[in-house]
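K.L.:
Below is the file query34.cif, which contains mmCIF, C-alpha atoms.
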```
data_entry
#
loop_
_atom_site.group_PDB
_atom_site.id
_atom_site.type_symbol
_atom_site.label_atom_id
_atom_site.label_comp_id
_atom_site.auth_asym_id
_atom_site.auth_seq_id
_atom_site.Cartn_x
_atom_site.Cartn_y
_atom_site.Cartn_z
ATOM 1 C CA MET A 1 112.438 154.820 36.430
ATOM 2 C CA THR A 2 114.577 154.112 39.466
ATOM 3 C CA ALA A 3 115.803 157.105 41.397
ATOM 4 C CA LEU A 4 119.327 157.470 42.759
ATOM 5 C CA SER A 5 120.162 159.597 45.764
ATOM 6 C CA TYR A 6 123.347 161.618 45.938
ATOM 7 C CA THR A 7 125.044 158.891 48.043
ATOM 8 C CA ASP A 8 124.363 156.253 45.348
ATOM 9 C CA ILE A 9 126.581 158.070 42.839
ATOM 10 C CA GLN A 10 129.808 156.096 43.132
ATOM 11 C CA GLN A 11 132.570 155.184 40.687
ATOM 12 C CA GLY A 12 131.246 153.212 37.700
ATOM 13 C CA VAL A 13 127.574 154.138 38.228
ATOM 14 C CA PHE A 14 125.591 155.267 35.158
ATOM 15 C CA PHE A 15 122.784 157.822 35.478
ATOM 16 C CA ARG A 16 120.738 160.273 33.430
ATOM 17 C CA MET A 17 120.910 164.009 34.112
ATOM 18 C CA ASP A 18 119.500 166.794 31.906
ATOM 19 C CA GLY A 19 118.630 164.226 29.216
ATOM 20 C CA ALA A 20 122.196 162.888 28.860
ATOM 21 C CA VAL A 21 123.712 159.651 30.168
ATOM 22 C CA TYR A 22 126.755 160.010 32.439
ATOM 23 C CA GLU A 23 129.245 157.610 33.982
ATOM 24 C CA THR A 24 130.803 158.380 37.348
ATOM 25 C CA VAL A 25 134.599 158.491 37.053
ATOM 26 C CA ASP A 26 135.346 159.326 40.689
ATOM 27 C CA ALA A 27 133.309 160.243 43.778
ATOM 28 C CA VAL A 28 134.234 161.719 47.175
ATOM 29 C CA PHE A 29 131.576 162.009 49.881
ATOM 30 C CA SER A 30 132.093 164.660 52.544
ATOM 31 C CA LYS A 31 130.219 166.004 55.543
ATOM 32 C CA LYS A 32 131.441 168.918 57.639
ATOM 33 C CA SER A 33 130.217 169.309 61.236
ATOM 34 C CA ARG A 34 126.650 170.663 61.100
ATOM 35 C CA GLN A 35 126.402 170.971 57.331
ATOM 36 C CA LYS A 36 124.543 168.507 55.185
ATOM 37 C CA GLY A 37 126.613 165.963 53.292
ATOM 38 C CA SER A 38 127.693 166.401 49.699
ATOM 39 C CA ASN A 39 129.126 164.149 47.035
ATOM 40 C CA GLN A 40 131.818 165.708 44.807
ATOM 41 C CA VAL A 41 132.017 163.650 41.623
ATOM 42 C CA ARG A 42 133.830 163.638 38.300
ATOM 43 C CA ILE A 43 131.392 162.542 35.627
ATOM 44 C CA LYS A 44 131.830 161.658 31.963
ATOM 45 C CA ASN A 45 129.178 162.408 29.367
ATOM 46 C CA ILE A 46 128.806 159.153 27.435
ATOM 47 C CA ALA A 47 127.800 160.854 24.177
ATOM 48 C CA THR A 48 130.498 163.545 24.067
ATOM 49 C CA GLY A 49 133.244 162.088 26.282
ATOM 50 C CA ALA A 50 133.505 165.380 28.193
ATOM 51 C CA VAL A 51 134.539 165.025 31.830
ATOM 52 C CA THR A 52 133.217 167.560 34.351
ATOM 53 C CA THR A 53 133.120 167.964 38.118
ATOM 54 C CA LYS A 54 129.803 168.328 39.899
ATOM 55 C CA THR A 55 128.680 168.413 43.526
ATOM 56 C CA PHE A 56 125.476 166.589 44.456
ATOM 57 C CA HIS A 57 123.519 167.340 47.629
ATOM 58 C CA THR A 58 120.717 165.612 49.552
ATOM 59 C CA SER A 59 118.048 167.316 47.443
ATOM 60 C CA ASP A 60 119.437 165.940 44.164
ATOM 61 C CA VAL A 61 117.647 162.909 42.725
ATOM 62 C CA LEU A 62 118.944 161.320 39.539
ATOM 63 C CA GLU A 63 117.553 158.693 37.184
ATOM 64 C CA ASP A 64 119.267 155.307 37.282
ATOM 65 C CA VAL A 65 120.260 153.946 33.865
ATOM 66 C CA THR A 66 121.003 150.325 33.021
ATOM 67 C CA VAL A 67 123.940 150.293 30.623
ATOM 68 C CA GLU A 68 125.275 146.987 29.356
ATOM 69 C CA LYS A 69 128.720 146.393 27.890
ATOM 70 C CA GLU A 70 128.724 144.298 24.720
ATOM 71 C CA GLU A 71 131.657 143.154 22.594
ATOM 72 C CA TYR A 72 131.689 144.207 18.938
ATOM 73 C CA VAL A 73 134.228 144.060 16.118
ATOM 74 C CA PHE A 74 135.211 147.314 14.397
ATOM 75 C CA VAL A 75 134.889 146.817 10.636
ATOM 76 C CA TYR A 76 135.592 150.256 9.112
ATOM 77 C CA ALA A 77 134.849 153.979 9.248
ATOM 78 C CA ARG A 78 133.362 155.790 6.257
ATOM 79 C CA ASN A 79 132.421 159.468 6.103
ATOM 80 C CA ASP A 80 130.309 160.101 9.208
ATOM 81 C CA GLU A 81 129.501 156.497 10.071
ATOM 82 C CA ILE A 82 131.208 153.589 11.779
ATOM 83 C CA ILE A 83 130.448 149.979 10.840
ATOM 84 C CA ILE A 84 130.638 147.354 13.615
ATOM 85 C CA HIS A 85 129.198 143.886 14.205
ATOM 86 C CA PRO A 86 128.683 141.643 17.254
ATOM 87 C CA VAL A 87 131.675 139.377 17.894
ATOM 88 C CA ASP A 88 129.731 136.175 17.249
ATOM 89 C CA LYS A 89 127.527 137.499 14.396
ATOM 90 C CA PRO A 90 129.615 138.976 11.531
ATOM 91 C CA SER A 91 126.581 139.162 9.222
ATOM 92 C CA GLU A 92 124.708 141.541 11.568
ATOM 93 C CA ARG A 93 126.534 144.762 10.767
ATOM 94 C CA THR A 94 125.426 147.932 12.505
ATOM 95 C CA SER A 95 126.025 151.521 11.443
ATOM 96 C CA ILE A 96 126.561 154.147 14.153
ATOM 97 C CA PRO A 97 127.454 157.838 13.878
ATOM 98 C CA SER A 98 131.177 158.595 14.033
ATOM 99 C CA SER A 99 130.518 160.860 17.043
ATOM 100 C CA SER A 100 129.799 157.654 19.026
ATOM 101 C CA PHE A 101 133.372 156.461 18.401
ATOM 102 C CA PRO A 102 135.630 159.540 18.278
ATOM 103 C CA ASN A 103 139.005 157.732 18.191
ATOM 104 C CA SER A 104 138.133 155.311 15.378
ATOM 105 C CA ILE A 105 140.965 156.689 13.171
ATOM 106 C CA LEU A 106 143.432 154.962 15.503
ATOM 107 C CA ILE A 107 141.780 151.528 15.385
ATOM 108 C CA PRO A 108 142.658 148.890 12.768
ATOM 109 C CA SER A 109 139.874 146.874 11.175
ATOM 110 C CA GLY A 110 139.070 143.668 13.072
ATOM 111 C CA THR A 111 139.748 145.102 16.542
ATOM 112 C CA THR A 112 137.362 144.028 19.306
ATOM 113 C CA VAL A 113 135.711 147.048 20.922
ATOM 114 C CA THR A 114 133.218 147.523 23.765
ATOM 115 C CA ALA A 115 129.845 149.114 23.100
ATOM 116 C CA LEU A 116 127.838 150.718 25.892
ATOM 117 C CA VAL A 117 124.219 149.822 25.183
ATOM 118 C CA GLU A 118 120.990 151.106 26.751
ATOM 119 C CA ASN A 119 117.626 149.632 25.641
ATOM 120 C CA ASN A 120 119.225 148.037 22.540
ATOM 121 C CA GLU A 121 120.668 151.418 21.482
ATOM 122 C CA ILE A 122 124.432 151.876 21.244
ATOM 123 C CA LEU A 123 125.374 155.003 23.213
ATOM 124 C CA THR A 124 129.111 154.930 22.541
ATOM 125 C CA VAL A 125 131.922 152.597 21.558
ATOM 126 C CA ARG A 126 135.160 152.249 23.504
ATOM 127 C CA ALA A 127 138.375 150.952 22.018
ATOM 128 C CA PRO A 128 140.981 148.952 23.921
ATOM 129 C CA ILE A 129 143.428 151.264 25.697
ATOM 130 C CA LYS A 130 146.316 150.142 23.486
ATOM 131 C CA VAL A 131 146.298 148.792 19.930
ATOM 132 C CA ASP A 132 149.005 147.604 17.550
ATOM 133 C CA VAL A 133 149.129 149.151 14.059
ATOM 134 C CA LEU A 134 151.495 148.949 11.108
ATOM 135 C CA VAL A 135 153.412 151.983 9.915
ATOM 136 C CA LYS A 136 152.490 152.671 6.301
ATOM 137 C CA GLU A 137 154.628 155.773 5.693
ATOM 138 C CA ALA A 138 157.653 156.997 7.643
ATOM 139 C CA PRO A 139 160.111 159.658 6.542
ATOM 140 C CA PRO A 140 163.774 158.673 6.811
ATOM 141 C CA ASP A 141 165.424 159.498 10.116
ATOM 142 C CA VAL A 142 168.005 162.256 10.000
ATOM 143 C CA ARG A 143 171.026 161.997 12.280
ATOM 144 C CA GLY A 144 171.322 164.841 14.735
ATOM 145 C CA ASN A 145 167.736 165.984 14.181
ATOM 146 C CA THR A 146 166.901 166.409 17.863
ATOM 147 C CA ALA A 147 165.693 170.006 17.730
ATOM 148 C CA GLN A 148 162.128 168.662 17.730
ATOM 149 C CA GLY A 149 162.698 166.227 20.586
ATOM 150 C CA GLY A 150 163.901 163.399 18.369
ATOM 151 C CA THR A 151 160.489 162.562 16.921
ATOM 152 C CA LYS A 152 158.936 162.362 13.491
ATOM 153 C CA ARG A 153 155.379 161.958 12.177
ATOM 154 C CA VAL A 154 154.461 158.616 10.634
ATOM 155 C CA VAL A 155 151.227 157.488 8.978
ATOM 156 C CA THR A 156 149.676 154.241 10.197
ATOM 157 C CA GLU A 157 147.643 151.679 8.244
ATOM 158 C CA THR A 158 144.490 153.392 9.560
ATOM 159 C CA GLY A 159 145.532 156.791 8.194
ATOM 160 C CA ALA A 160 146.365 158.322 11.591
ATOM 161 C CA SER A 161 149.412 160.578 11.902
ATOM 162 C CA ILE A 162 151.419 159.670 15.029
ATOM 163 C CA ALA A 163 154.577 161.213 16.509
ATOM 164 C CA THR A 164 157.185 158.471 16.987
ATOM 165 C CA PRO A 165 160.907 158.215 17.757
ATOM 166 C CA LEU A 166 163.298 158.607 14.826
ATOM 167 C CA PHE A 167 164.121 154.871 14.599
ATOM 168 C CA ILE A 168 160.597 153.850 13.465
ATOM 169 C CA LYS A 169 160.522 152.755 9.795
ATOM 170 C CA THR A 170 157.879 151.868 7.231
ATOM 171 C CA GLY A 171 156.608 148.330 7.945
ATOM 172 C CA ASP A 172 157.250 148.501 11.707
ATOM 173 C CA CYS A 173 154.449 147.589 14.081
ATOM 174 C CA ILE A 174 153.859 150.152 16.820
ATOM 175 C CA ARG A 175 151.613 150.211 19.873
ATOM 176 C CA ILE A 176 149.596 153.367 20.441
ATOM 177 C CA ASN A 177 147.446 154.584 23.318
ATOM 178 C CA THR A 178 143.909 155.103 21.966
ATOM 179 C CA GLU A 179 142.963 157.559 24.718
ATOM 180 C CA THR A 180 145.823 159.972 24.026
ATOM 181 C CA GLY A 181 146.707 159.038 20.428
ATOM 182 C CA GLU A 182 150.374 158.735 21.395
ATOM 183 C CA TYR A 183 153.068 156.207 20.512
ATOM 184 C CA THR A 184 153.964 153.901 23.423
ATOM 185 C CA GLU A 185 156.397 151.323 21.986
ATOM 186 C CA ARG A 186 157.537 149.329 18.962
ATOM 187 C CA VAL A 187 156.373 145.704 18.962
ATOM 188 C CA LYS A 188 157.550 142.637 17.129
ATOM 189 C CA ILE A 189 155.239 141.024 14.616
ATOM 190 C CA VAL A 190 154.756 137.357 15.489
ATOM 191 C CA ASN A 191 154.386 135.167 12.397
ATOM 192 C CA ASN A 192 152.443 131.935 12.909
#
```
Show me the file's structure as structure tokens.
P.N.:
Amino acid sequence: MTALSYTDIQQGVFFRMDGAVYETVDAVFSKKSRQKGSNQVRIKNIATGAVTTKTFHTSDVLEDVTVEKEEYVFVYARNDEIIIHPVDKPSERTSIPSSSFPNSILIPSGTTVTALVENNEILTVRAPIKVDVLVKEAPPDVRGNTAQGGTKRVVTETGASIATPLFIKTGDCIRINTETGEYTERVKIVNN
């Protein structure tokens, strides 16, 4: 076990605290006149995705964690499990709990995702920030229906319900933000 002091906690550093693995989102070190220094950080719990703010002082010692990022391909989600496989080894499928990949409903099958791995154990899976999905069901747009901000709910090929502008139709390809679950733009399908 390698120990980290409070000054080592910088953006992108992984560490273990209270039995959970955290990633530092942002860190600001400060020292006022005769007071001891402190490090105000925003940290993200890898398992739950919860972001909190914490202040570390000189007396705080944390456990350093080696987390590797590995590329996997999302295959499908079923009940409470997610099936993925390494990019170069499709026959080596791995099952992980759905809590390790909370936004899997937004991701189409075959999408390359990043797994955070510690000691050959997948802690969590992160999707690309934006993905393209096909619209499977879209209600017809109604002229003058702007009381709701000019949006309607469509169902994507993954089964997710997304609010989109009125002009989106069944068969369109849309780009969505996987962090917020929101529509960003309509994209053209390129046929090879």
K.L.:
Between CA of Ser99 in chain A and CA of Asn119 in chain A, what is the distance in Å, rounded to a tenth?
P.N.:
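CA of Asn119 in chain A lies at a distance of 19.1 Å from CA of Ser99 in chain A.
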K.L.:
Expand the PyMOL selection byres ((chain A and resi 172-181) around 9) into the individual residues it matches in the shown file, reporting them as number ranges by chain.
P.N.:
A: 103-104, 106-107, 127-136, 156, 160, 162, 164, 168-171, 182-189
K.L.:
For a test of reading the model, state the distance in Å between CA of Thr112 in chain A and CA of Asp88 in chain A, rounded to one decimal.
P.N.:
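Pair CA of Thr112 in chain A / CA of Asp88 in chain A returns 11.1 Å.
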K.L.:
How would you write, as a list in words, the residues chosen by the PyMOL selection byres ((chain A and resi 65-72) around 7) on this structure?
P.N.:
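For this structure, the PyMOL selection byres ((chain A and resi 65-72) around 7) captures Phe14, Phe15, Arg16, Glu63, Asp64, Val73, Phe74, Ile84, His85, Pro86, Val87, Thr112, Val113, Thr114, Ala115, Leu116, Val117 and Glu118 of chain A.
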K.L.:
Taking only C-alpha atoms into account, which of A:Ser91, A:Asn45, A:Thr2, A:Thr111 comes nearest Asp18 in chain A?
P.N.:
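Distance minimum relative to Asp18 in chain A lands on A:Asn45.
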K.L.:
So which residues touch Thr7 in chain A within 9 Å, counting all atoms listed in the file, skipping near sequence neighbours fewer than 4 positions away, as a list of chain:residue names?
P.N.:
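Listed by chain and then number, they are A:Phe29, A:Gly37, A:Ser38, A:Asn39, A:Phe56, A:His57, A:Thr58.
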K.L.:
What lies within 10 Å of Ala27 in chain A using all atoms listed in the file, ignoring chain neighbours under 4 positions off, as a PyMOL selection string?
P.N.:
chain A and resi 7-12+39-43+53-55
K.L.:
Check which residues satisfy the PyMOL selection byres ((chain A and resi 80) around 7) in the file shown, then give them as a list in words.
P.N.:
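Going through the file, the PyMOL selection byres ((chain A and resi 80) around 7) ends up selecting Arg78, Asn79, Glu81, Pro97 and Ser98 of chain A.
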K.L.:
Which one is closest to Ala50 in chain A: A:Gly19, A:Pro90, A:Pro102, A:Arg34? Count all atoms listed in the file.
P.N.:
A:Pro102
K.L.:
Which of these, A:Val125, A:Leu4, A:Asn120, A:Ile105, has the shortest distance to Glu157 in chain A once you count only C-alpha atoms?
P.N.:
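Smallest distance to Glu157 in chain A is found for A:Ile105.
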K.L.:
Could you work out how far CA of Ser100 in chain A lies from CA of Thr158 in chain A, giving the answer in Å with one decimal?
P.N.:
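Interatomic distance, CA of Thr158 in chain A to CA of Ser100 in chain A: 18.0 Å.
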K.L.:
May I have the centre and edge lengths, in Å to one decimal, of an axis-aligned box around the listed atoms of range 79-91 of chain A with 3 Å added to every side, as lines of an AutoDock Vina configuration file?
P.N.:
```
center_x = 129.5
center_y = 148.1
center_z = 12.0
size_x = 11.8
size_y = 29.9
size_z = 17.8
```
K.L.:
Which residue gives the smallest distance to Thr48 in chain A among A:Thr124, A:Lys89, A:Met17, A:Lys152, with only C-alpha atoms counted?
P.N.:
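Ranking A:Thr124, A:Lys89, A:Met17, A:Lys152 by distance to Thr48 in chain A, first place goes to A:Thr124.
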K.L.:
Could you name the residues that touch Val154 in chain A at 6 Å or less, counting all atoms listed in the file, but leaving out those on the same chain fewer than 3 positions away, as an MDAnalysis selection string?
P.N.:
chainID A and resid 137:138 161:162
K.L.:
Restricting the calculation to all atoms listed in the file: of A:Thr52, A:Lys31, A:Glu121, A:Thr151, which residue gets closest to Leu166 in chain A?
P.N.:
A:Thr151
K.L.:
Which residue gives the smallest distance to Tyr22 in chain A among A:Pro108, A:Glu92, A:Ser59, A:Leu123, with all atoms listed in the file counted?
P.N.:
A:Leu123
